[in-house]
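Visitor: protein-v7.csv is reproduced in full below (CSV, C-alpha atoms and all ligand atoms).
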```
chain,number,residue,atom,x,y,z
A,1,MET,CA,26.6,134.5,35.4
A,2,GLU,CA,26.6,131.3,37.5
A,3,THR,CA,23.3,129.8,38.5
A,4,GLU,CA,22.8,127.7,41.5
A,5,THR,CA,21.0,124.4,41.3
A,6,PRO,CA,17.9,124.7,43.5
A,7,VAL,CA,18.0,122.6,46.7
A,8,THR,CA,14.9,120.7,45.6
A,9,ASP,CA,16.7,119.5,42.5
A,10,HIS,CA,19.7,118.4,44.5
A,11,LYS,CA,17.4,116.4,46.8
A,12,PHE,CA,15.5,115.0,43.8
A,13,MET,CA,18.7,113.8,42.2
A,14,ARG,CA,19.9,112.4,45.4
A,15,ASP,CA,16.7,110.5,45.9
A,16,ILE,CA,16.9,109.1,42.4
A,17,ASN,CA,20.5,108.0,42.8
A,18,GLN,CA,19.8,106.5,46.2
A,19,ASN,CA,16.9,104.5,44.8
A,20,ARG,CA,19.1,103.3,42.0
A,21,LEU,CA,21.7,102.1,44.5
A,22,LEU,CA,19.0,100.5,46.7
A,23,ASN,CA,17.7,98.6,43.6
A,24,LEU,CA,21.2,97.5,42.7
A,25,ILE,CA,21.8,96.3,46.2
A,26,ARG,CA,18.5,94.4,46.2
A,27,LEU,CA,19.3,92.7,42.9
A,28,LYS,CA,23.0,92.0,43.3
A,29,ALA,CA,23.6,91.7,47.0
A,30,PRO,CA,26.0,91.1,48.5
A,31,ILE,CA,27.8,93.9,46.6
A,32,SER,CA,30.7,96.2,47.4
A,33,ARG,CA,30.8,100.0,47.0
A,34,PRO,CA,33.4,99.8,44.1
A,35,GLU,CA,31.0,97.4,42.3
A,36,LEU,CA,28.1,99.7,43.0
A,37,SER,CA,30.1,102.6,41.5
A,38,THR,CA,30.9,100.6,38.4
A,39,GLU,CA,27.3,99.4,38.0
A,40,SER,CA,25.6,102.7,38.6
A,41,GLY,CA,28.2,105.0,36.9
A,42,LEU,CA,28.2,107.2,40.1
A,43,SER,CA,31.5,108.3,41.6
A,44,PRO,CA,33.0,106.4,44.5
A,45,ALA,CA,32.5,109.5,46.7
A,46,THR,CA,28.8,109.7,45.8
A,47,VAL,CA,28.3,106.0,46.4
A,48,LEU,CA,30.0,106.3,49.8
A,49,SER,CA,27.9,109.2,50.9
A,50,LEU,CA,24.6,107.7,49.7
A,51,THR,CA,25.3,104.2,51.1
A,52,ASN,CA,26.3,105.6,54.4
A,53,ASP,CA,23.0,107.5,54.5
A,54,LEU,CA,21.2,104.2,53.6
A,55,ILE,CA,23.0,102.5,56.5
A,56,SER,CA,22.1,105.2,58.9
A,57,ARG,CA,18.4,104.9,57.8
A,58,GLN,CA,18.7,101.2,58.6
A,59,LEU,CA,17.8,100.2,55.0
A,60,VAL,CA,21.2,98.6,54.2
A,61,ILE,CA,23.6,96.7,56.3
A,62,GLU,CA,27.3,95.9,55.9
A,63,LYS,CA,27.9,92.2,55.9
A,64,GLY,CA,31.3,90.6,55.4
A,65,THR,CA,34.0,91.6,52.9
A,66,ALA,CA,34.6,90.7,49.2
A,67,ARG,CA,37.4,88.3,48.3
A,68,ILE,CA,39.9,90.0,46.1
A,69,PRO,CA,43.5,88.8,45.2
A,70,ARG,CA,45.3,91.7,47.0
A,71,GLY,CA,44.8,94.9,48.8
A,72,ARG,CA,42.1,96.0,51.2
A,73,ARG,CA,39.0,93.9,51.0
A,74,PRO,CA,35.9,96.1,50.3
A,75,THR,CA,32.9,95.7,52.6
A,76,LEU,CA,29.8,94.0,51.2
A,77,LEU,CA,26.4,95.6,51.4
A,78,GLU,CA,22.9,94.1,51.4
A,79,ILE,CA,19.3,95.2,52.1
A,80,ASP,CA,18.4,95.0,55.8
A,81,PRO,CA,15.2,93.1,55.7
A,82,THR,CA,14.2,94.5,59.1
A,83,GLY,CA,14.9,98.1,58.1
A,84,GLY,CA,11.3,98.9,57.4
A,85,TYR,CA,7.9,97.3,56.8
A,86,ALA,CA,4.9,97.6,54.5
A,87,ILE,CA,1.3,96.6,55.0
A,88,GLY,CA,-0.5,94.8,52.2
A,89,LEU,CA,-4.3,94.5,52.3
A,90,MET,CA,-6.5,92.6,49.9
A,91,LEU,CA,-10.2,93.2,49.9
A,92,ARG,CA,-12.8,90.9,48.4
A,93,GLU,CA,-16.6,90.5,48.5
A,94,HIS,CA,-16.7,88.7,51.8
A,95,GLU,CA,-13.2,88.6,53.1
A,96,ALA,CA,-10.0,90.6,53.7
A,97,VAL,CA,-6.5,89.4,54.0
A,98,GLY,CA,-3.8,91.6,55.5
A,99,VAL,CA,0.0,91.0,55.7
A,100,ILE,CA,3.0,92.9,56.9
A,101,VAL,CA,6.1,92.4,54.8
A,102,ASN,CA,9.7,93.2,55.4
A,103,LEU,CA,12.1,94.8,52.9
A,104,HIS,CA,12.5,91.5,51.1
A,105,SER,CA,8.8,91.4,50.7
A,106,ALA,CA,8.6,88.3,53.0
A,107,ILE,CA,5.5,88.0,55.1
A,108,ILE,CA,6.2,88.4,58.8
A,109,SER,CA,2.6,88.6,60.0
A,110,SER,CA,-0.8,88.0,58.5
A,111,LEU,CA,-4.5,88.0,59.3
A,112,HIS,CA,-7.6,86.8,57.5
A,113,TRP,CA,-11.0,88.2,58.2
A,114,HIS,CA,-14.5,87.2,57.1
A,115,GLN,CA,-15.8,90.6,56.3
A,116,THR,CA,-18.4,92.0,54.0
A,117,PHE,CA,-17.7,95.5,52.5
A,118,SER,CA,-20.9,96.7,51.0
A,119,GLY,CA,-21.2,100.5,51.4
A,120,GLN,CA,-18.8,103.0,50.1
A,121,ASP,CA,-18.9,105.2,53.1
A,122,THR,CA,-17.1,106.2,56.3
A,123,GLU,CA,-18.3,102.9,58.0
A,124,THR,CA,-16.2,100.9,55.4
A,125,ILE,CA,-13.2,103.2,56.0
A,126,GLU,CA,-13.5,102.8,59.7
A,127,CYS,CA,-13.8,99.0,59.3
A,128,ILE,CA,-10.6,98.8,57.2
A,129,VAL,CA,-8.8,101.0,59.7
A,130,SER,CA,-9.7,98.7,62.5
A,131,LEU,CA,-8.5,95.7,60.6
A,132,VAL,CA,-5.2,97.4,59.9
A,133,GLU,CA,-4.8,98.4,63.5
A,134,GLU,CA,-5.4,94.8,64.6
A,135,LEU,CA,-2.7,93.7,62.1
A,136,ILE,CA,-0.2,96.2,63.4
A,137,ALA,CA,-0.9,95.3,67.0
A,138,GLN,CA,-0.5,91.6,66.2
A,139,ALA,CA,2.9,92.1,64.5
A,140,GLY,CA,4.1,94.3,67.4
A,141,ILE,CA,5.9,96.7,65.0
A,142,ALA,CA,6.5,100.3,65.9
A,143,ARG,CA,4.3,102.5,63.7
A,144,GLN,CA,7.2,104.7,62.6
A,145,ARG,CA,8.9,101.7,61.0
A,146,ILE,CA,5.9,101.1,58.6
A,147,ILE,CA,6.5,102.8,55.2
A,148,GLY,CA,2.9,102.7,54.1
A,149,MET,CA,0.0,100.5,53.1
A,150,GLY,CA,-1.0,99.0,49.8
A,151,CYS,CA,-4.6,98.1,49.2
A,152,ALA,CA,-5.4,95.6,46.4
A,153,ILE,CA,-8.9,95.6,44.9
A,154,SER,CA,-10.3,94.0,41.8
A,155,GLY,CA,-11.5,96.3,39.0
A,156,TYR,CA,-10.6,99.6,37.5
A,157,ILE,CA,-8.7,101.7,40.1
A,158,ASP,CA,-7.3,105.2,39.7
A,159,SER,CA,-4.1,104.6,41.7
A,160,GLN,CA,-2.9,108.2,41.4
A,161,HIS,CA,-5.9,109.5,43.3
A,162,GLY,CA,-6.7,106.4,45.4
A,163,ILE,CA,-10.1,106.0,43.8
A,164,CYS,CA,-11.9,102.7,43.1
A,165,ILE,CA,-13.6,103.7,39.9
A,166,ASP,CA,-15.4,100.4,39.2
A,167,SER,CA,-15.2,97.2,41.2
A,168,TRP,CA,-18.1,95.0,40.3
A,169,GLN,CA,-17.0,92.4,42.8
A,170,LEU,CA,-17.2,94.9,45.7
A,171,GLY,CA,-20.0,96.9,44.3
A,172,TRP,CA,-17.9,100.1,44.6
A,173,HIS,CA,-18.0,102.8,42.0
A,174,ASP,CA,-16.1,106.2,42.3
A,175,PHE,CA,-15.2,105.4,45.9
A,176,ALA,CA,-12.3,107.6,47.0
A,177,LEU,CA,-10.7,105.5,49.8
A,178,GLY,CA,-7.0,106.3,49.5
A,179,GLN,CA,-7.0,109.7,51.1
A,180,PRO,CA,-9.4,109.0,54.0
A,181,LEU,CA,-7.4,105.8,54.8
A,182,SER,CA,-4.2,107.7,54.7
A,183,GLU,CA,-5.5,110.4,57.0
A,184,ARG,CA,-6.9,107.9,59.5
A,185,LEU,CA,-3.9,105.6,59.5
A,186,GLN,CA,-1.4,108.5,59.4
A,187,MET,CA,0.7,106.8,56.6
A,188,PRO,CA,0.8,106.8,52.8
A,189,VAL,CA,-1.8,104.5,51.3
A,190,LEU,CA,-1.7,103.2,47.8
A,191,VAL,CA,-4.8,101.7,46.2
A,192,SER,CA,-4.3,99.6,43.1
A,193,ASN,CA,-5.7,96.8,41.0
A,194,ASN,CA,-5.1,93.5,42.6
A,195,VAL,CA,-3.5,91.8,39.6
A,196,ARG,CA,-1.1,94.8,39.2
A,197,CYS,CA,-0.1,94.3,42.8
A,198,ILE,CA,0.8,90.6,42.2
A,199,CYS,CA,2.6,91.6,39.0
A,200,CYS,CA,4.6,94.1,41.0
A,201,TYR,CA,5.7,91.4,43.5
A,202,GLU,CA,6.6,89.0,40.7
A,203,ASN,CA,8.6,91.7,38.9
A,204,LEU,CA,10.6,92.8,42.0
A,205,PHE,CA,10.8,89.8,44.2
A,206,GLY,CA,9.2,86.8,42.4
A,207,ARG,CA,9.4,84.7,39.3
A,208,GLY,CA,9.8,87.7,37.0
A,209,GLN,CA,13.0,89.0,38.4
A,210,ASP,CA,15.1,87.6,35.6
A,211,TYR,CA,12.9,89.2,32.9
A,212,GLN,CA,12.3,92.7,31.5
A,213,HIS,CA,9.0,92.0,29.7
A,214,ILE,CA,6.4,90.1,31.8
A,215,LEU,CA,2.7,89.4,31.7
A,216,THR,CA,1.1,88.2,34.9
A,217,VAL,CA,-2.3,86.6,34.2
A,218,ALA,CA,-4.6,86.0,37.2
A,219,LEU,CA,-7.4,83.6,36.6
A,220,GLY,CA,-10.1,82.5,39.0
A,221,ARG,CA,-13.1,84.6,40.3
A,222,GLY,CA,-12.2,87.0,37.4
A,223,LEU,CA,-9.5,87.3,34.8
A,224,GLY,CA,-6.9,90.1,35.1
A,225,LEU,CA,-3.5,91.1,33.6
A,226,GLY,CA,-0.5,92.8,34.9
A,227,ILE,CA,2.0,94.2,32.4
A,228,VAL,CA,5.7,94.8,32.9
A,229,SER,CA,7.6,96.5,30.0
A,230,HIS,CA,11.3,97.2,30.3
A,231,GLY,CA,11.2,96.2,33.9
A,232,ASN,CA,8.4,98.7,34.8
A,233,LEU,CA,4.7,98.3,35.5
A,234,TYR,CA,2.7,99.6,32.6
A,235,SER,CA,-0.6,101.1,33.6
A,236,GLY,CA,-1.9,103.0,30.5
A,237,SER,CA,-3.0,106.6,30.1
A,238,LEU,CA,-5.9,106.3,32.5
A,239,ASP,CA,-4.5,103.7,34.8
A,240,GLY,CA,-6.8,101.1,33.2
A,241,ALA,CA,-4.4,98.8,31.3
A,242,GLY,CA,-4.7,95.1,31.7
A,243,GLU,CA,-8.5,94.5,31.5
A,244,PHE,CA,-7.8,91.2,29.8
A,245,GLY,CA,-11.0,89.7,31.1
A,246,HIS,CA,-13.1,92.3,29.3
A,247,THR,CA,-11.6,91.8,25.9
A,248,VAL,CA,-14.3,90.3,23.6
A,249,ALA,CA,-14.2,86.5,23.1
A,250,ILE,CA,-17.6,86.0,21.5
A,251,VAL,CA,-19.4,88.8,19.6
A,252,ASP,CA,-22.8,89.5,21.2
A,253,GLY,CA,-22.1,86.6,23.6
A,254,ARG,CA,-23.0,86.2,27.3
A,255,GLN,CA,-23.7,89.1,29.5
A,256,CYS,CA,-20.6,90.0,31.6
A,257,GLU,CA,-20.6,91.6,35.1
A,258,CYS,CA,-19.2,94.8,33.5
A,259,GLY,CA,-22.4,95.3,31.5
A,260,HIS,CA,-20.9,94.3,28.1
A,261,ARG,CA,-21.5,91.1,26.2
A,262,GLY,CA,-19.1,88.3,25.2
A,263,CYS,CA,-16.2,89.2,27.5
A,264,LEU,CA,-13.5,86.5,27.9
A,265,GLU,CA,-14.1,86.5,31.6
A,266,ALA,CA,-17.7,85.4,31.1
A,267,TYR,CA,-16.4,82.1,29.6
A,268,VAL,CA,-13.2,81.3,31.4
A,269,ALA,CA,-13.5,82.6,35.0
A,270,HIS,CA,-15.5,80.7,37.7
A,271,ARG,CA,-18.9,82.1,36.8
A,272,GLY,CA,-18.4,81.5,33.1
A,273,LEU,CA,-17.2,77.9,33.6
A,274,LEU,CA,-20.3,77.2,35.8
A,275,THR,CA,-22.7,78.6,33.3
A,276,THR,CA,-21.3,76.4,30.5
A,277,TYR,CA,-21.2,73.4,32.8
A,278,GLY,CA,-24.8,74.0,33.9
A,279,GLU,CA,-26.0,74.5,30.3
A,280,LEU,CA,-24.4,71.2,29.2
A,281,LEU,CA,-25.7,69.2,32.1
A,282,LYS,CA,-29.2,70.5,31.4
A,283,ALA,CA,-29.0,70.0,27.6
A,284,TRP,CA,-27.7,66.4,28.1
A,285,GLY,CA,-30.4,65.7,30.7
A,286,GLN,CA,-27.9,64.9,33.4
A,287,GLN,CA,-28.8,67.5,36.1
A,288,GLN,CA,-31.4,70.2,36.2
A,289,THR,CA,-30.1,72.1,39.3
A,290,GLU,CA,-27.3,74.6,39.1
A,291,PRO,CA,-23.9,72.9,39.6
A,292,THR,CA,-21.5,74.1,42.2
A,293,LEU,CA,-17.9,75.1,41.6
A,294,ASP,CA,-16.7,72.3,43.9
A,295,GLN,CA,-18.7,69.8,41.8
A,296,LEU,CA,-17.0,71.0,38.6
A,297,LEU,CA,-13.5,71.2,40.0
A,298,HIS,CA,-13.8,67.7,41.6
A,299,SER,CA,-15.7,66.1,38.7
A,300,PRO,CA,-14.4,62.7,37.7
A,301,PRO,CA,-12.4,62.3,34.4
A,302,GLU,CA,-15.4,60.5,32.8
A,303,ASP,CA,-17.7,63.5,33.3
A,304,GLN,CA,-18.1,64.5,29.7
A,305,ALA,CA,-19.9,67.8,30.5
A,306,ALA,CA,-17.0,68.9,32.7
A,307,LEU,CA,-14.5,67.8,30.1
A,308,HIS,CA,-16.3,69.7,27.4
A,309,THR,CA,-16.6,72.8,29.7
A,310,PHE,CA,-12.9,72.8,30.5
A,311,GLN,CA,-11.8,72.1,26.9
A,312,GLN,CA,-14.0,74.9,25.5
A,313,ALA,CA,-12.9,77.4,28.1
A,314,GLY,CA,-9.3,76.4,27.9
A,315,ARG,CA,-9.3,76.9,24.2
A,316,LEU,CA,-10.8,80.4,24.5
A,317,PHE,CA,-8.2,81.2,27.3
A,318,GLY,CA,-5.4,80.0,25.1
A,319,ILE,CA,-6.5,82.1,22.1
A,320,GLY,CA,-6.8,85.1,24.5
A,321,ARG,CA,-3.3,84.5,25.7
A,322,ALA,CA,-2.0,84.3,22.1
A,323,ASN,CA,-3.7,87.7,21.5
A,324,ILE,CA,-1.8,89.3,24.4
A,325,VAL,CA,1.5,87.6,23.3
A,326,ASN,CA,1.0,89.1,19.9
A,327,LEU,CA,0.3,92.5,21.4
A,328,PHE,CA,3.1,92.7,24.0
A,329,ASN,CA,5.7,90.1,22.9
A,330,PRO,CA,6.6,89.1,26.5
A,331,GLU,CA,9.5,87.0,27.6
A,332,CYS,CA,7.4,85.2,30.1
A,333,ILE,CA,3.8,84.8,31.2
A,334,ILE,CA,3.2,84.1,34.8
A,335,LEU,CA,-0.1,82.4,35.5
A,336,THR,CA,-1.5,82.8,38.9
A,337,GLY,CA,-4.8,82.8,40.8
A,338,GLU,CA,-7.3,80.0,42.0
A,339,GLY,CA,-7.6,79.0,38.3
A,340,VAL,CA,-4.2,77.3,38.2
A,341,GLU,CA,-6.1,74.4,39.8
A,342,PHE,CA,-8.3,73.9,36.8
A,343,GLY,CA,-6.0,71.1,35.8
A,344,LYS,CA,-4.9,69.4,32.6
A,345,ARG,CA,-8.4,69.3,31.1
A,346,PHE,CA,-8.2,73.1,30.9
A,347,PHE,CA,-4.5,73.8,30.5
A,348,ASP,CA,-3.7,71.3,27.7
A,349,PRO,CA,-6.1,72.8,25.2
A,350,ALA,CA,-5.1,76.3,26.5
A,351,LEU,CA,-1.4,75.7,25.7
A,352,GLN,CA,-2.2,74.2,22.4
A,353,ALA,CA,-4.4,77.2,21.4
A,354,LEU,CA,-1.7,79.6,22.6
A,355,HIS,CA,0.9,78.1,20.3
A,356,GLU,CA,-1.6,77.7,17.4
A,357,HIS,CA,-2.5,81.4,17.4
A,358,THR,CA,0.7,83.1,18.3
A,359,PHE,CA,2.0,85.1,15.4
A,360,SER,CA,5.1,83.9,13.6
A,361,ARG,CA,7.8,82.9,16.1
A,362,LEU,CA,6.8,85.1,19.1
A,363,ASP,CA,6.4,82.0,21.2
A,364,ARG,CA,9.9,80.8,20.3
A,365,SER,CA,11.5,81.5,23.7
A,366,LEU,CA,8.3,82.4,25.6
A,367,GLN,CA,8.3,81.0,29.1
A,368,VAL,CA,4.9,80.0,30.6
A,369,ILE,CA,5.1,79.7,34.4
A,370,LEU,CA,2.3,78.3,36.4
A,371,GLU,CA,2.5,79.7,39.9
A,372,PRO,CA,1.1,77.2,42.4
A,373,TRP,CA,-2.0,78.7,44.2
A,374,SER,CA,-1.1,79.6,47.7
A,375,GLY,CA,-4.1,81.6,48.8
A,376,TYR,CA,-4.9,85.3,48.9
A,377,GLU,CA,-2.0,86.1,51.2
A,378,SER,CA,0.1,86.2,48.1
A,379,TRP,CA,-2.2,88.9,46.7
A,380,ALA,CA,-1.9,91.0,49.9
A,381,ARG,CA,1.8,90.5,49.7
A,382,GLY,CA,1.7,92.1,46.2
A,383,ALA,CA,0.0,95.1,47.7
A,384,GLY,CA,2.9,95.4,50.2
A,385,ALA,CA,5.4,94.9,47.4
A,386,LEU,CA,3.8,97.9,45.6
A,387,VAL,CA,4.6,100.1,48.6
A,388,LEU,CA,8.2,98.9,48.6
A,389,SER,CA,8.4,99.5,44.9
A,390,GLN,CA,6.9,103.0,45.1
A,391,PHE,CA,8.9,104.3,48.1
A,392,LEU,CA,12.2,102.4,48.0
A,393,PHE,CA,12.9,100.6,44.8
A,394,SER,CA,11.3,102.9,42.2
A,395,VAL,CA,13.8,103.3,39.4
A,396,ASN,CA,11.9,106.0,37.6
A,397,SER,CA,11.0,108.3,40.4
B,401,ZN,ZN,-16.8,92.4,30.8
```
Translate this structure into structure tokens?

Guide:
Amino acid sequence: METETPVTDHKFMRDINQNRLLNLIRLKAPISRPELSTESGLSPATVLSLTNDLISRQLVIEKGTARIPRGRRPTLLEIDPTGGYAIGLMLREHEAVGVIVNLHSAIISSLHWHQTFSGQDTETIECIVSLVEELIAQAGIARQRIIGMGCAISGYIDSQHGICIDSWQLGWHDFALGQPLSERLQMPVLVSNNVRCICCYENLFGRGQDYQHILTVALGRGLGLGIVSHGNLYSGSLDGAGEFGHTVAIVDGRQCECGHRGCLEAYVAHRGLLTTYGELLKAWGQQQTEPTLDQLLHSPPEDQAALHTFQQAGRLFGIGRANIVNLFNPECIILTGEGVEFGKRFFDPALQALHEHTFSRLDRSLQVILEPWSGYESWARGAGALVLSQFLFSVNS
């Protein structure tokens, strides 16, 4: 007896194949339909049907023809950057940055607000909604062209349910903000860890495009990690993978924001550096008041306390990176965040320690990429890239 394939299965398969084609077009544009058929293994008829659908949805455009020795020249396809938009929002203690990105994940509009989010209540939800509305109005984009919003937050986030489980920076614990934001804004809302958002951007559109195994390390106010394995973001069984900053660097060491002792972040992120610097200045009788971050970052080369602080922290950071190289065996590490401005006093010992502690020859072809710091817009852009990744370019949907 013949059984019919359920309609939902057909649609599911069609969506998967369409995402595969979209991804191929994104990566290999301009590309012809015959090339897409060869690359994807899909029949020419299926490629024709699916790409025509993508064109009618304004996600793909025809642009020029391929040069071939003889016969009819096939039309070339590429992503239409104006075919849709995603909102990316990054929330920090006292500020928010919002961007709207096109399908190339290029920022077409952005806003920066000085805003304190303290409570985990409807007031905060309404505040975020008003910021997003302001951003949409500024961009002048029709609402139906917006695919969704990504919200980047530091800490442990349950992305599947849109819940901020623990963000010490924002003081939010078990705050379910994804669903109310989605209802109020009438669009899909993804909430994710901020470093995972950046990692998503680097993987799809940034410096990680040429690699399959990437680690993105974000250093600055905190220390986070995004993991890409076989081209896909790795999030762990409970969505908590990548808490690099809370791996133990010193047994029974300094108190960390998370409540534990000796976390790496408590030594190499802003607060940790300042604590070490202040301790050294006091011990050496040079300054009794608490130093500022500006003072440390702009300290002269002859400042021995600053040199010592950076060297000590750089070494711990390098050992930490060697540990994650030994665990994940990445092809490349992309280093981003405000911390890229720590300079040679920090990164020279960090690089040396990385190579000293990497197992066997795992660092043989390891690329270490320092991404110049360009502000928090790039983090918000990551949240937008996450939306594009989830709804358009997801290869494993
Ligand atoms: Zn910690």

Visitor: Taking all atoms listed in the file into account, which residues are within 6 Å of ligand ZN 401 (chain B), as a list in words?

Guide: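 My answer, listing the contacting residues, is His246, Cys256, Glu257, Cys258, His260 and Cys263 of chain A.
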
Visitor: What lies within 8 Å of region 181-198 of chain A using only C-alpha atoms, ignoring chain neighbours under 2 positions off, as a PyMOL selection string?

Guide: chain A and resi 90+125+129+146-159+162-164+177-179+200-202+216-218+224-227+233+378-379+381-383+385-387

Visitor: What does the distance from CA of Phe205 (chain A) to CA of Ile136 (chain A) come to in Å, to one decimal?

Guide: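 Atom-to-atom, CA of Phe205 (chain A) to CA of Ile136 (chain A), that is 23.0 Å.
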
Visitor: Tell me which protein, DNA and RNA residues are within 12 Å of Arg364 (chain A), counting only C-alpha atoms, leaving out same-chain ones fewer than 2 positions away, and put them as a count of residues only.

Guide: 15

Visitor: Taking all atoms listed in the file into account, name the residue in A:Leu91, A:Met13, A:Leu327, A:Ile61 that is nearest to Pro30 (chain A).

Guide: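 Once distances to Pro30 (chain A) are computed over all atoms listed in the file, the minimum belongs to A:Ile61.
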
Visitor: How many Å lie between CA of His114 (chain A) and CA of Val97 (chain A), rounded to one decimal?

Guide: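 Interatomic distance, CA of His114 (chain A) to CA of Val97 (chain A): 8.9 Å.
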
Visitor: Can you tell me how far CA of Tyr85 (chain A) sits from CA of Asn52 (chain A), in Å to one decimal?

Guide: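 Distance between the two atoms: 20.3 Å.
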
Visitor: Considering only C-alpha atoms, return as a PDB file with C-alpha atoms, keeping the file's coordinate frame whatever protein or nucleic-acid residues lie within 9 Å of Glu338 (chain A), sequence-local ones (same chain, fewer than 4 positions apart) excluded.

Guide:
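Contents of part.pdb, freshly written:
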```pdb
ATOM      1  CA  ALA A 218      -4.600  86.000  37.200  1.00  0.00           C
ATOM      2  CA  LEU A 219      -7.400  83.600  36.600  1.00  0.00           C
ATOM      3  CA  GLY A 220     -10.100  82.500  39.000  1.00  0.00           C
ATOM      4  CA  ARG A 221     -13.100  84.600  40.300  1.00  0.00           C
ATOM      5  CA  PHE A 342      -8.300  73.900  36.800  1.00  0.00           C
ATOM      6  CA  PRO A 372       1.100  77.200  42.400  1.00  0.00           C
ATOM      7  CA  TRP A 373      -2.000  78.700  44.200  1.00  0.00           C
ATOM      8  CA  SER A 374      -1.100  79.600  47.700  1.00  0.00           C
ATOM      9  CA  GLY A 375      -4.100  81.600  48.800  1.00  0.00           C
TER      10      GLY A 375
END
```
